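Participant: Pasting target34.tsv here (TSV, C-alpha atoms):
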```tsv
chain	number	residue	atom	x	y	z
A	229	MET	CA	-12.03	-0.12	11.29
A	230	LYS	CA	-10.80	-1.77	8.14
A	231	VAL	CA	-9.74	-5.41	7.71
A	232	LEU	CA	-7.67	-6.58	4.75
A	233	VAL	CA	-8.19	-10.29	4.04
A	234	THR	CA	-6.13	-12.14	1.46
A	235	GLY	CA	-6.40	-15.54	-0.24
A	236	PHE	CA	-3.98	-17.32	-2.55
A	237	GLU	CA	-4.53	-18.45	-6.11
A	238	PRO	CA	-4.58	-22.25	-6.68
A	239	PHE	CA	-1.21	-24.04	-6.58
A	240	GLY	CA	0.34	-27.48	-6.64
A	241	GLY	CA	-1.90	-28.73	-9.43
A	242	GLU	CA	-5.18	-27.91	-7.68
A	243	LYS	CA	-7.96	-26.24	-9.70
A	244	VAL	CA	-9.23	-24.19	-6.76
A	245	ASN	CA	-7.86	-22.75	-3.55
A	246	PRO	CA	-10.35	-22.89	-0.66
A	247	ALA	CA	-8.75	-19.81	0.88
A	248	LEU	CA	-9.49	-17.68	-2.17
A	249	GLU	CA	-12.96	-19.13	-2.69
A	250	ALA	CA	-13.86	-18.42	0.95
A	251	VAL	CA	-12.52	-14.88	1.20
A	252	LYS	CA	-14.39	-13.91	-1.97
A	253	LEU	CA	-17.64	-14.79	-0.16
A	254	LEU	CA	-16.98	-12.73	2.97
A	255	PRO	CA	-19.41	-9.89	3.69
A	256	LYS	CA	-18.18	-6.39	2.81
A	257	GLU	CA	-18.84	-5.28	6.37
A	258	ILE	CA	-18.62	-7.18	9.66
A	259	ASN	CA	-19.77	-5.54	12.90
A	260	GLY	CA	-19.12	-2.09	11.45
A	261	ALA	CA	-15.68	-2.91	10.08
A	262	GLN	CA	-15.04	-2.64	6.34
A	263	VAL	CA	-13.72	-5.89	4.84
A	264	VAL	CA	-11.40	-5.60	1.83
A	265	VAL	CA	-10.50	-8.81	0.00
A	266	ARG	CA	-7.48	-9.31	-2.26
A	267	GLU	CA	-5.99	-12.25	-4.15
A	268	LEU	CA	-2.30	-13.03	-3.73
A	269	PRO	CA	-0.12	-14.93	-6.20
A	270	THR	CA	1.33	-18.17	-4.84
A	271	VAL	CA	4.79	-16.86	-5.62
A	272	PHE	CA	7.69	-16.06	-3.30
A	273	ARG	CA	8.45	-12.29	-3.14
A	274	LYS	CA	5.71	-11.31	-5.58
A	275	SER	CA	3.09	-12.24	-2.96
A	276	LEU	CA	4.69	-9.78	-0.55
A	277	ASP	CA	5.00	-7.07	-3.19
A	278	VAL	CA	1.26	-7.31	-3.80
A	279	LEU	CA	0.44	-7.49	-0.08
A	280	PHE	CA	2.59	-4.53	0.92
A	281	SER	CA	1.14	-2.47	-1.93
A	282	GLU	CA	-2.38	-3.25	-0.75
A	283	ILE	CA	-1.52	-2.33	2.84
A	284	GLU	CA	-0.14	1.02	1.68
A	285	LYS	CA	-3.26	1.61	-0.39
A	286	GLU	CA	-5.90	0.48	2.11
A	287	ASN	CA	-4.25	1.37	5.44
A	288	PRO	CA	-5.99	-1.49	7.31
A	289	ASP	CA	-6.22	-1.89	11.07
A	290	VAL	CA	-6.08	-5.69	10.75
A	291	VAL	CA	-4.61	-8.01	8.11
A	292	ILE	CA	-5.66	-11.65	7.97
A	293	CYS	CA	-3.97	-13.79	5.34
A	294	VAL	CA	-5.60	-17.11	4.50
A	295	GLY	CA	-4.09	-20.17	2.86
A	296	GLN	CA	-4.77	-23.81	2.06
A	297	ALA	CA	-3.31	-26.56	4.23
A	298	GLY	CA	-4.29	-29.76	2.48
A	299	GLY	CA	-4.52	-32.66	4.92
A	300	ARG	CA	-5.46	-30.62	7.99
A	301	TYR	CA	-8.92	-31.34	9.36
A	302	ALA	CA	-9.52	-28.02	11.15
A	303	ILE	CA	-9.33	-24.29	10.71
A	304	SER	CA	-5.71	-23.69	11.83
A	305	VAL	CA	-5.01	-20.32	13.39
A	306	GLU	CA	-1.27	-19.88	13.11
A	307	ARG	CA	0.77	-18.80	16.13
A	308	VAL	CA	4.19	-18.11	14.61
A	309	ALA	CA	6.04	-17.48	11.34
A	310	ILE	CA	9.73	-18.30	10.91
A	311	ASN	CA	12.40	-16.54	8.87
A	312	VAL	CA	13.05	-19.24	6.29
A	313	ASP	CA	11.86	-20.22	2.84
A	314	ASP	CA	12.29	-23.97	2.23
A	315	ALA	CA	10.04	-24.92	-0.66
A	316	ARG	CA	8.95	-28.56	-0.98
A	317	ILE	CA	7.59	-27.80	-4.46
A	318	PRO	CA	8.17	-24.88	-6.85
A	319	ASP	CA	5.82	-21.90	-6.56
A	320	ASN	CA	3.57	-20.86	-9.44
A	321	GLU	CA	6.47	-19.21	-11.27
A	322	GLY	CA	8.94	-22.04	-10.76
A	323	ASN	CA	10.84	-20.55	-7.81
A	324	GLN	CA	12.00	-23.07	-5.21
A	325	PRO	CA	14.12	-21.40	-2.54
A	326	ILE	CA	15.84	-23.81	-0.14
A	327	ASP	CA	16.92	-22.73	3.35
A	328	GLN	CA	16.82	-19.02	2.45
A	329	PRO	CA	16.03	-16.24	4.94
A	330	ILE	CA	12.95	-14.21	4.04
A	331	PHE	CA	14.38	-10.95	5.39
A	332	PRO	CA	18.02	-11.12	6.55
A	333	ASP	CA	17.45	-8.19	8.94
A	334	GLY	CA	14.32	-9.75	10.43
A	335	GLU	CA	13.85	-11.65	13.66
A	336	ASN	CA	14.15	-15.44	13.66
A	337	ALA	CA	10.38	-15.55	14.12
A	338	TYR	CA	7.36	-13.31	14.64
A	339	PHE	CA	4.25	-14.21	16.59
A	340	SER	CA	0.76	-13.49	15.29
A	341	THR	CA	-0.77	-10.37	16.80
A	342	LEU	CA	-4.31	-11.70	16.35
A	343	PRO	CA	-6.19	-13.08	19.39
A	344	ILE	CA	-5.51	-16.62	18.24
A	345	LYS	CA	-6.99	-18.60	21.15
A	346	ARG	CA	-10.09	-16.41	21.31
A	347	ILE	CA	-10.59	-16.97	17.58
A	348	VAL	CA	-10.27	-20.75	17.98
A	349	GLU	CA	-12.78	-20.90	20.82
A	350	ALA	CA	-15.27	-18.70	18.96
A	351	ILE	CA	-15.05	-20.90	15.85
A	352	LYS	CA	-15.55	-24.04	17.94
A	353	LYS	CA	-18.71	-22.50	19.39
A	354	GLU	CA	-20.05	-22.53	15.83
A	355	LYS	CA	-19.47	-26.33	15.78
A	356	ILE	CA	-16.59	-25.97	13.32
A	357	PRO	CA	-13.26	-27.72	14.05
A	358	ALA	CA	-10.51	-25.24	14.90
A	359	GLU	CA	-7.10	-25.29	16.54
A	360	VAL	CA	-4.03	-23.19	17.23
A	361	SER	CA	-1.22	-24.29	14.91
A	362	ASN	CA	2.43	-23.89	15.82
A	363	THR	CA	3.77	-24.22	12.28
A	364	ALA	CA	2.77	-22.37	9.13
A	365	GLY	CA	5.24	-24.49	7.15
A	366	THR	CA	8.08	-23.06	5.05
A	367	TYR	CA	6.26	-22.44	1.78
A	368	VAL	CA	4.52	-19.28	0.52
A	369	CYS	CA	2.02	-19.24	3.41
A	370	ASN	CA	4.75	-18.88	6.03
A	371	HIS	CA	6.54	-16.47	3.67
A	372	VAL	CA	3.50	-14.18	3.64
A	373	MET	CA	2.77	-14.51	7.36
A	374	TYR	CA	6.37	-13.70	8.20
A	375	GLY	CA	6.40	-10.86	5.68
A	376	VAL	CA	3.31	-9.12	6.98
A	377	LEU	CA	4.48	-9.36	10.61
A	378	TYR	CA	7.96	-8.11	9.63
A	379	TYR	CA	6.34	-5.21	7.78
A	380	ALA	CA	4.09	-4.39	10.74
A	381	SER	CA	7.01	-4.46	13.17
A	382	LYS	CA	9.01	-2.07	11.00
A	383	LYS	CA	6.32	0.31	9.72
A	384	ARG	CA	2.90	-0.22	11.33
A	385	PRO	CA	3.30	-1.45	14.92
A	386	HIS	CA	-0.37	-0.83	15.71
A	387	MET	CA	-1.62	-2.98	12.81
A	388	LYS	CA	-2.71	-6.46	13.92
A	389	ALA	CA	-1.82	-9.30	11.57
A	390	GLY	CA	-1.80	-13.05	11.31
A	391	PHE	CA	-2.51	-16.12	9.21
A	392	ILE	CA	-5.22	-18.77	9.07
A	393	HIS	CA	-4.91	-22.10	7.25
A	394	VAL	CA	-8.03	-23.83	5.96
A	395	PRO	CA	-8.60	-27.45	4.87
A	396	TYR	CA	-9.30	-28.73	1.39
A	397	LEU	CA	-12.80	-28.36	-0.01
A	398	PHE	CA	-14.79	-31.57	-0.55
A	399	GLU	CA	-14.38	-31.27	-4.32
A	400	GLN	CA	-10.61	-31.40	-3.88
A	401	VAL	CA	-10.59	-34.75	-2.06
A	402	VAL	CA	-12.83	-36.80	-4.36
A	403	ASP	CA	-9.74	-38.77	-5.40
A	404	LYS	CA	-7.74	-38.28	-2.16
A	405	LYS	CA	-8.76	-41.19	0.02
A	406	ASN	CA	-8.87	-40.57	3.79
A	407	THR	CA	-8.04	-36.88	3.37
A	408	PRO	CA	-9.97	-34.38	5.53
A	409	ALA	CA	-12.05	-31.66	3.93
A	410	MET	CA	-14.49	-28.93	4.95
A	411	GLY	CA	-17.49	-27.26	3.33
A	412	LEU	CA	-17.03	-23.82	1.82
A	413	ASN	CA	-19.86	-22.35	3.91
A	414	GLU	CA	-18.17	-23.54	7.11
A	415	ILE	CA	-14.86	-22.00	6.06
A	416	VAL	CA	-16.56	-18.68	5.28
A	417	LYS	CA	-18.33	-18.77	8.67
A	418	ALA	CA	-15.07	-19.52	10.48
A	419	LEU	CA	-13.29	-16.62	8.77
A	420	THR	CA	-16.18	-14.30	9.57
A	421	VAL	CA	-15.89	-15.29	13.23
A	422	ALA	CA	-12.13	-14.73	13.10
A	423	ILE	CA	-12.68	-11.21	11.80
A	424	GLU	CA	-15.29	-10.53	14.47
A	425	GLN	CA	-12.83	-11.52	17.18
A	426	SER	CA	-9.92	-9.63	15.62
A	427	ILE	CA	-11.70	-6.27	15.56
A	428	LEU	CA	-12.67	-6.36	19.23
A	429	ILE	CA	-10.78	-3.74	21.19
```
Starting from the coordinates I provided, produce the structure as structure tokens.
Facilitator:
Amino acid sequence: MKVLVTGFEPFGGEKVNPALEAVKLLPKEINGAQVVVRELPTVFRKSLDVLFSEIEKENPDVVICVGQAGGRYAISVERVAINVDDARIPDNEGNQPIDQPIFPDGENAYFSTLPIKRIVEAIKKEKIPAEVSNTAGTYVCNHVMYGVLYYASKKRPHMKAGFIHVPYLFEQVVDKKNTPAMGLNEIVKALTVAIEQSILI
């Protein structure tokens, strides 16, 4: 078994991205499964070019993409990705698509093929807040979640894929009053648990 895990570079003026910091700390092997970690640019289209190239290269059984959701208090395991880019802010190369389909020949939405509720319950057992989320937004995170599920449906129907959003790190909220945050170690533990659950037959 091989699991490809991705994290985005910092965006929106932040100096770090908790998703990237956490995935870099994941063990190289979890319960016998090889874990391959890659960084994605926070850029529409280019993120998918990099992701699809890595999938072709690594041939993973499972793909888990991880992103930052500033303001959320829990690990958010995403249920669904929708076929629209509607950027609130420009991406890291200045692109700001508004109301654009991601793939015109794709479905209106794709559901995660990860065991999302099992992942949430397993993370909660570790005393870490977690929830199923019904919106991945319309920025690059949803773009990548939709893209990987579109790709799987067209080319690799047996490959499981999905997306997990993580909160800010404490260092990111020093000047953001009343904004939730989570420790890096807890995020790494939650992602490890998510991988453990995703590789179960």
Participant: Nearest to A:Glu424 among A:Asn323, A:Val348, A:Arg300, A:Val271, with distances taken over all atoms listed in the file: which residue is it?
Facilitator: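 Selected residue with least distance to A:Glu424: A:Val348.
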Participant: Could you check the closest approach to A:Glu267 for each of A:Phe236, A:Tyr367, A:Phe280, A:Tyr374 and tell me which residue wins, using all atoms listed in the file?
Facilitator: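 Among the listed residues, the smallest separation from A:Glu267 belongs to A:Phe236.
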Participant: Quick one: of A:Asp289, A:Asp313, A:Asp327, A:Glu321, who's nearest to A:His386, counting all atoms listed in the file?
Facilitator: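 Distance minimum relative to A:His386 lands on A:Asp289.
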Participant: What is the atom CA of A:Gly334-atom CA of A:Glu284 distance in Å, reported with one decimal?
Facilitator: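 Straight-line distance from atom CA of A:Gly334 to atom CA of A:Glu284 works out to 20.0 Å.
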Participant: Do you have the atom CA of A:Pro343-atom CA of A:Pro288 distance handy?
Facilitator: 16.7 Å
Participant: Please report the interatomic distance between atom CA of A:Val244 and atom CA of A:Gln296 in Å with one decimal.
Facilitator: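 These atoms are spaced 9.9 Å apart.
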Participant: Kindly indicate which residue among A:Val294, A:Leu254, A:Leu412, A:Leu268 lies nearest to A:Ile356, using only C-alpha atoms for the distances.
Facilitator: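 Of the candidates, the smallest distance to A:Ile356 is held by A:Leu412.
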Participant: Between A:Lys243, A:Lys230, A:Lys388, A:Lys274, which residue has the minimum interatomic distance to A:Ala261, considering all atoms listed in the file?
Facilitator: A:Lys230
Participant: Residues at most 9 Å from A:Glu354, counting only C-alpha atoms, excluding those fewer than 2 positions away in the same chain, as a ChimeraX atom specification?
Facilitator: /A:349-352,356-357,414,417-418,421
Participant: Would you mind exporting stretch 401-414 of chain A with all heavy atoms, as a compact mmCIF listing (two decimals), in the first residue's frame?
Facilitator:
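Writing done, so here's selection.txt:
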```txt
# COMPACT_ATOMS: atom_id res chain seq x y z
N VAL A 401 -2.14 32.72 15.23
CA VAL A 401 -3.28 33.45 15.81
C VAL A 401 -2.86 34.39 16.94
O VAL A 401 -3.71 34.89 17.67
CB VAL A 401 -4.40 32.50 16.29
CG1 VAL A 401 -4.90 31.65 15.14
CG2 VAL A 401 -3.92 31.62 17.44
N VAL A 402 -1.57 34.62 17.08
CA VAL A 402 -1.08 35.51 18.14
C VAL A 402 -1.77 36.87 18.07
O VAL A 402 -2.12 37.46 19.09
CB VAL A 402 0.45 35.67 18.04
CG1 VAL A 402 0.94 36.77 18.99
CG2 VAL A 402 1.14 34.35 18.35
N ASP A 403 -2.01 37.35 16.85
CA ASP A 403 -2.67 38.65 16.66
C ASP A 403 -4.07 38.51 16.07
O ASP A 403 -4.62 39.46 15.51
CB ASP A 403 -1.81 39.54 15.75
CG ASP A 403 -0.47 39.87 16.38
OD1 ASP A 403 -0.46 40.19 17.58
OD2 ASP A 403 0.55 39.76 15.69
N LYS A 404 -4.66 37.30 16.16
CA LYS A 404 -6.02 37.07 15.67
C LYS A 404 -6.91 36.72 16.86
O LYS A 404 -7.12 35.54 17.16
CB LYS A 404 -6.03 35.95 14.62
CG LYS A 404 -5.23 36.23 13.36
CD LYS A 404 -5.38 35.06 12.37
CE LYS A 404 -4.64 35.28 11.07
NZ LYS A 404 -3.18 35.04 11.20
N LYS A 405 -7.43 37.72 17.50
CA LYS A 405 -8.20 37.51 18.72
C LYS A 405 -9.41 36.61 18.48
O LYS A 405 -10.10 36.72 17.47
CB LYS A 405 -8.67 38.87 19.25
CG LYS A 405 -9.31 38.82 20.63
CD LYS A 405 -9.63 40.22 21.12
CE LYS A 405 -10.26 40.18 22.50
NZ LYS A 405 -10.60 41.53 22.99
N ASN A 406 -9.63 35.69 19.43
CA ASN A 406 -10.79 34.78 19.41
C ASN A 406 -10.81 33.87 18.18
O ASN A 406 -11.89 33.44 17.75
CB ASN A 406 -12.10 35.58 19.49
CG ASN A 406 -12.22 36.37 20.78
OD1 ASN A 406 -11.76 35.92 21.82
ND2 ASN A 406 -12.83 37.54 20.71
N THR A 407 -9.64 33.57 17.64
CA THR A 407 -9.56 32.67 16.50
C THR A 407 -9.03 31.31 16.96
O THR A 407 -7.99 31.25 17.60
CB THR A 407 -8.63 33.24 15.41
OG1 THR A 407 -9.12 34.51 15.01
CG2 THR A 407 -8.58 32.33 14.20
N PRO A 408 -9.72 30.21 16.63
CA PRO A 408 -9.26 28.88 17.07
C PRO A 408 -7.91 28.52 16.44
O PRO A 408 -7.56 28.98 15.36
CB PRO A 408 -10.36 27.94 16.57
CG PRO A 408 -11.53 28.80 16.27
CD PRO A 408 -11.00 30.14 15.89
N ALA A 409 -7.19 27.66 17.15
CA ALA A 409 -5.93 27.14 16.65
C ALA A 409 -5.71 25.76 17.26
O ALA A 409 -6.40 25.34 18.18
CB ALA A 409 -4.78 28.08 17.00
N MET A 410 -4.72 25.05 16.71
CA MET A 410 -4.40 23.70 17.18
C MET A 410 -2.89 23.51 17.15
O MET A 410 -2.20 24.10 16.31
CB MET A 410 -5.09 22.67 16.28
CG MET A 410 -4.98 21.22 16.77
SD MET A 410 -5.95 20.05 15.74
CE MET A 410 -7.62 20.40 16.30
N GLY A 411 -2.38 22.69 18.05
CA GLY A 411 -0.96 22.40 18.09
C GLY A 411 -0.53 21.55 16.91
O GLY A 411 -1.30 20.70 16.42
N LEU A 412 0.70 21.75 16.47
CA LEU A 412 1.21 20.98 15.33
C LEU A 412 1.24 19.48 15.62
O LEU A 412 0.88 18.67 14.76
CB LEU A 412 2.62 21.47 14.97
CG LEU A 412 3.29 20.82 13.75
CD1 LEU A 412 2.44 20.95 12.50
CD2 LEU A 412 4.68 21.41 13.53
N ASN A 413 1.62 19.10 16.83
CA ASN A 413 1.67 17.68 17.17
C ASN A 413 0.29 17.03 17.07
O ASN A 413 0.16 15.87 16.64
CB ASN A 413 2.23 17.48 18.58
CG ASN A 413 3.71 17.79 18.67
OD1 ASN A 413 4.40 17.81 17.65
ND2 ASN A 413 4.20 18.05 19.88
N GLU A 414 -0.74 17.77 17.48
CA GLU A 414 -2.11 17.23 17.39
C GLU A 414 -2.54 17.07 15.95
O GLU A 414 -3.22 16.10 15.58
CB GLU A 414 -3.08 18.13 18.16
CG GLU A 414 -3.01 18.01 19.67
CD GLU A 414 -1.75 18.62 20.27
OE1 GLU A 414 -1.15 19.54 19.65
OE2 GLU A 414 -1.35 18.16 21.36
```
